[in-house]
Amino acid sequence: MLDIKLIREKPDFVRQRLAARGAGDEAHVDELLRLDERRRKVLSEVEALKAQKNRAAKEIGALMGQKKIEEAEIRKKETRELGDRISELDKQAAAVEAERNQLMLRMPNLPNESVPQGHSAADNPISRVHGEKPVFSFKPLSHVEICERLGLVDFTRATRLSGSGFVLYTNWGAKLERALIQFMLDLHTREHGYTEVSPPLMVGRQCLEGVGQFPKFADQYYAVQEGLDSGTLGKLYLIPTAETPVANIHREEILSERQLPIYYCAYTPCFRGEAGAAGVGTRGMIRVHQFDKVELIKIVKPETGYEEQEKMVANAERVLQMLGLHYRVVLLCTGDMSFASAKTYDIEVWAPGQGTQGSYLEVSSVSNCEDFQARRMNLRFKTESGENKFPHLLNGSGTALARLFVALVETFQQADGSVLVPAPLQGYLRTERIKAE
């Protein structure tokens, strides 16, 4: 959530930064200011009436002491009328505040001024490229062909089980998926200093509001119903990413400054209703409704937020470097960032079997949301001087599957149809090569 004080004091700046996103949200600033001014005016009137009521109460006491009963009763009637007016204004203030807050919840974060201006992914500058694209002496196959030949994934039976957009890993495919998850958890906890957590896979809507996924994107997630009780529908939702529960772990808390920074790491399945338009990337594992991900979360002091973001990007990159995969890091422009982000880097891994010449697939987005999410979940920390401040919240995939799985099997496919196993995974899989059985 944006800082209402900033909107009041620098409305033109807020409009300018929102306009950079290109979604038209700057048009709502005037309505926000109108509602905020109306709320403040009503509250000011309430305070004046309360002061008047308090004075009247003292006068009643004095009149009663002087035995001026009739005058006291008149004043009592006036105080009751004041009380009724105060109650009415309190309801008005609450209604206006609720309307203002609902509009605030739909306003995206302001892009950091270091983010390049742009309209779409075509405007995203490449920050760096790591490694070289693999060269083959044969035409590389797509992951779908490789998985079907080696029995790594059963796409047909997955569709029978759950419909399109789901994956059934089998045999070495299931083992490879598990090995990748274990490898990433071990790397981030042992070498990068993250604390592993295992969160619930269902959360209340307050958690989705906290990270900025609700209310704007409420139509994209899976609501849960308990049995046949339709009244429970929407009390809980399947998580779209581990960010949703993990970033909310300390919601409505006041941390001490010495607790920061906090680093969390979590593996979860993720559930997305918007797996892609029909016919667009729906064949195979590129766009699916359920996928695995190792997520990284940081809660840090504002002055270290962007330094910590660069470190998190390096943590995610390390996964791909150790696996020997070619990738690039892209800085998202203002028009391509997510709702809650102030600055985002995408890490895109090369998948040689995609299309006719291969393509890059996003496997990680690393975002600094600044204090946007902390305000929404009322997460603060107390400084050594006793001031309560909002921390910066960062999130990043460290990394996501199944696209990492896709890039790996396509990159390490061999002419004989087998797939070489990168050295860091061999200890988990206890083999150097996956081949047909």
# chains A, B, ... in the order shown; residues from 1 in each chain; ligands from 1
>>> residues_around(residues="Ala174 in chain A", least_positions_apart="2", cutoff="12 Å", atoms="only C-alpha atoms", output="list in words")
Cys147, Leu150, Gly151, Leu152, Val153, Asp154, Val167, Leu168, Tyr169, Thr170, Asn171, Trp172, Leu176, Glu177, Arg178, Ala179, Leu180, Ile181, Asp292, Ala402, Phe405 and Leu429 of chain A
>>> write_last_selection(atoms="N, CA and C atoms", output="tab-separated table (two decimals), in the first residue's frame")
chain	number	residue	atom	x	y	z
A	147	CYS	N	11.12	-35.96	-22.51
A	147	CYS	CA	10.41	-36.53	-21.37
A	147	CYS	C	9.60	-37.76	-21.78
A	150	LEU	N	12.15	-40.73	-22.49
A	150	LEU	CA	12.83	-41.26	-21.29
A	150	LEU	C	11.85	-41.59	-20.16
A	151	GLY	N	10.58	-41.34	-20.38
A	151	GLY	CA	9.59	-41.65	-19.35
A	151	GLY	C	9.72	-40.75	-18.13
A	152	LEU	N	10.08	-39.47	-18.33
A	152	LEU	CA	10.25	-38.55	-17.21
A	152	LEU	C	8.94	-37.91	-16.78
A	153	VAL	N	8.05	-37.70	-17.73
A	153	VAL	CA	6.77	-37.07	-17.47
A	153	VAL	C	5.70	-37.76	-18.30
A	154	ASP	N	4.55	-38.00	-17.68
A	154	ASP	CA	3.41	-38.59	-18.40
A	154	ASP	C	2.36	-37.50	-18.58
A	167	VAL	N	1.11	-31.65	-14.49
A	167	VAL	CA	2.23	-32.51	-14.85
A	167	VAL	C	2.28	-33.72	-13.92
A	168	LEU	N	2.51	-34.90	-14.51
A	168	LEU	CA	2.74	-36.12	-13.73
A	168	LEU	C	4.18	-36.55	-13.95
A	169	TYR	N	5.05	-36.25	-12.99
A	169	TYR	CA	6.44	-36.70	-13.08
A	169	TYR	C	6.50	-38.20	-12.78
A	170	THR	N	7.34	-38.93	-13.51
A	170	THR	CA	7.45	-40.36	-13.31
A	170	THR	C	8.92	-40.79	-13.26
A	171	ASN	N	9.19	-41.79	-12.45
A	171	ASN	CA	10.50	-42.42	-12.37
A	171	ASN	C	11.62	-41.38	-12.24
A	172	TRP	N	12.55	-41.32	-13.21
A	172	TRP	CA	13.68	-40.40	-13.12
A	172	TRP	C	13.24	-38.94	-13.19
A	176	LEU	N	14.43	-36.39	-10.47
A	176	LEU	CA	15.14	-35.17	-10.87
A	176	LEU	C	14.47	-33.94	-10.27
A	177	GLU	N	13.17	-33.90	-10.30
A	177	GLU	CA	12.45	-32.76	-9.68
A	177	GLU	C	12.79	-32.66	-8.21
A	178	ARG	N	12.75	-33.78	-7.50
A	178	ARG	CA	13.07	-33.79	-6.07
A	178	ARG	C	14.52	-33.40	-5.82
A	179	ALA	N	15.42	-33.86	-6.68
A	179	ALA	CA	16.84	-33.53	-6.52
A	179	ALA	C	17.08	-32.03	-6.70
A	180	LEU	N	16.41	-31.43	-7.66
A	180	LEU	CA	16.56	-29.99	-7.88
A	180	LEU	C	16.08	-29.19	-6.67
A	181	ILE	N	14.96	-29.61	-6.12
A	181	ILE	CA	14.42	-28.92	-4.93
A	181	ILE	C	15.40	-29.04	-3.77
A	292	ASP	N	6.41	-26.49	-8.90
A	292	ASP	CA	7.21	-26.39	-7.68
A	292	ASP	C	8.11	-25.17	-7.73
A	402	ALA	N	8.59	-25.60	-13.32
A	402	ALA	CA	9.20	-26.63	-14.12
A	402	ALA	C	10.12	-26.09	-15.21
A	405	PHE	N	13.59	-27.33	-14.97
A	405	PHE	CA	13.59	-28.72	-15.41
A	405	PHE	C	13.67	-28.78	-16.94
A	429	LEU	N	20.95	-37.85	-7.13
A	429	LEU	CA	20.36	-38.86	-8.02
A	429	LEU	C	21.15	-40.17	-8.06
>>> residues_around(residues="Gln117 in chain A", least_positions_apart="4", cutoff="7 Å", atoms="only C-alpha atoms", output="ChimeraX atom specification")
/A:20,333-334
>>> residues_around(residues="range 107-114 of chain A", least_positions_apart="4", cutoff="9 Å", atoms="only C-alpha atoms", output="CSV table (one decimal) with N, CA and C atoms, in the first residue's frame")
chain,number,residue,atom,x,y,z
A,1,MET,N,0.8,-1.2,0.0
A,1,MET,CA,0.0,0.0,0.0
A,1,MET,C,0.9,1.2,0.0
A,2,LEU,N,0.5,2.2,-0.8
A,2,LEU,CA,1.2,3.5,-0.8
A,2,LEU,C,1.1,4.2,0.5
A,14,VAL,N,3.7,11.4,-7.2
A,14,VAL,CA,3.0,10.1,-7.2
A,14,VAL,C,2.3,9.8,-8.5
A,17,ARG,N,5.1,8.9,-11.1
A,17,ARG,CA,5.6,7.5,-11.0
A,17,ARG,C,4.6,6.5,-11.4
A,18,LEU,N,3.3,6.7,-11.1
A,18,LEU,CA,2.2,5.8,-11.5
A,18,LEU,C,2.1,5.8,-13.0
A,20,ALA,N,4.3,6.2,-15.1
A,20,ALA,CA,5.4,5.5,-15.7
A,20,ALA,C,5.0,4.0,-16.0
A,21,ARG,N,4.1,3.5,-15.2
A,21,ARG,CA,3.7,2.1,-15.4
A,21,ARG,C,2.8,2.0,-16.6
A,25,ASP,N,-3.2,4.3,-13.6
A,25,ASP,CA,-3.6,4.4,-12.2
A,25,ASP,C,-3.4,5.8,-11.6
A,26,GLU,N,-2.7,6.7,-12.3
A,26,GLU,CA,-2.5,8.0,-11.8
A,26,GLU,C,-3.8,8.8,-11.8
A,28,HIS,N,-6.5,7.9,-10.5
A,28,HIS,CA,-7.2,7.7,-9.2
A,28,HIS,C,-6.7,8.5,-8.1
A,103,LEU,N,-9.7,1.6,-2.4
A,103,LEU,CA,-9.0,2.2,-3.6
A,103,LEU,C,-7.5,2.1,-3.4
A,212,GLY,N,-0.2,-8.1,-2.0
A,212,GLY,CA,-0.6,-7.3,-3.2
A,212,GLY,C,-1.3,-8.1,-4.3
A,216,LYS,N,-6.9,-7.0,-6.5
A,216,LYS,CA,-6.8,-6.7,-8.0
A,216,LYS,C,-6.8,-8.0,-8.8
A,333,CYS,N,11.4,-3.0,-17.1
A,333,CYS,CA,11.0,-1.6,-17.2
A,333,CYS,C,9.7,-1.3,-16.4
A,334,THR,N,9.4,0.0,-16.4
A,334,THR,CA,8.2,0.4,-15.6
A,334,THR,C,6.9,-0.2,-16.0
A,337,MET,N,6.7,-4.4,-14.8
A,337,MET,CA,6.8,-4.9,-13.4
A,337,MET,C,5.5,-5.4,-12.8
A,338,SER,N,5.6,-6.2,-11.8
A,338,SER,CA,4.4,-6.7,-11.1
A,338,SER,C,3.8,-5.6,-10.3
A,339,PHE,N,2.6,-5.8,-9.9
A,339,PHE,CA,1.8,-4.8,-9.1
A,339,PHE,C,2.5,-4.3,-7.9
A,340,ALA,N,3.2,-5.2,-7.1
A,340,ALA,CA,3.7,-4.8,-5.8
A,340,ALA,C,5.2,-4.3,-5.9
A,341,SER,N,5.8,-4.5,-7.0
A,341,SER,CA,7.2,-4.3,-7.0
A,341,SER,C,7.6,-2.8,-7.3
A,342,ALA,N,8.7,-2.4,-6.7
A,342,ALA,CA,9.3,-1.1,-7.0
A,342,ALA,C,10.5,-1.3,-7.9
A,343,LYS,N,11.1,-2.5,-7.9
A,343,LYS,CA,12.2,-2.8,-8.9
A,343,LYS,C,12.4,-4.3,-9.0
A,369,CYS,N,10.0,-4.8,-3.0
A,369,CYS,CA,8.7,-4.1,-2.9
A,369,CYS,C,8.8,-2.9,-2.0
A,370,GLU,N,10.0,-2.6,-1.5
A,370,GLU,CA,10.1,-1.5,-0.6
A,370,GLU,C,9.2,-1.7,0.6
A,372,PHE,N,5.9,-1.3,0.5
A,372,PHE,CA,4.5,-1.4,0.0
A,372,PHE,C,3.8,-2.6,0.6
>>> atom_distance(atom1="CA of Glu148 in chain A", atom2="CA of Gln413 in chain A")
13.2 Å
>>> closest_residue(among="A:His289, A:Lys10, A:Lys298, A:Arg157", to="Ala266 in chain A", atoms="only C-alpha atoms")
A:Lys298
>>> residues_around(residues="Gln373 in chain A", least_positions_apart="3", cutoff="6 Å", atoms="only C-alpha atoms", output="list in words")
Gly210, Val211 and Arg376 of chain A
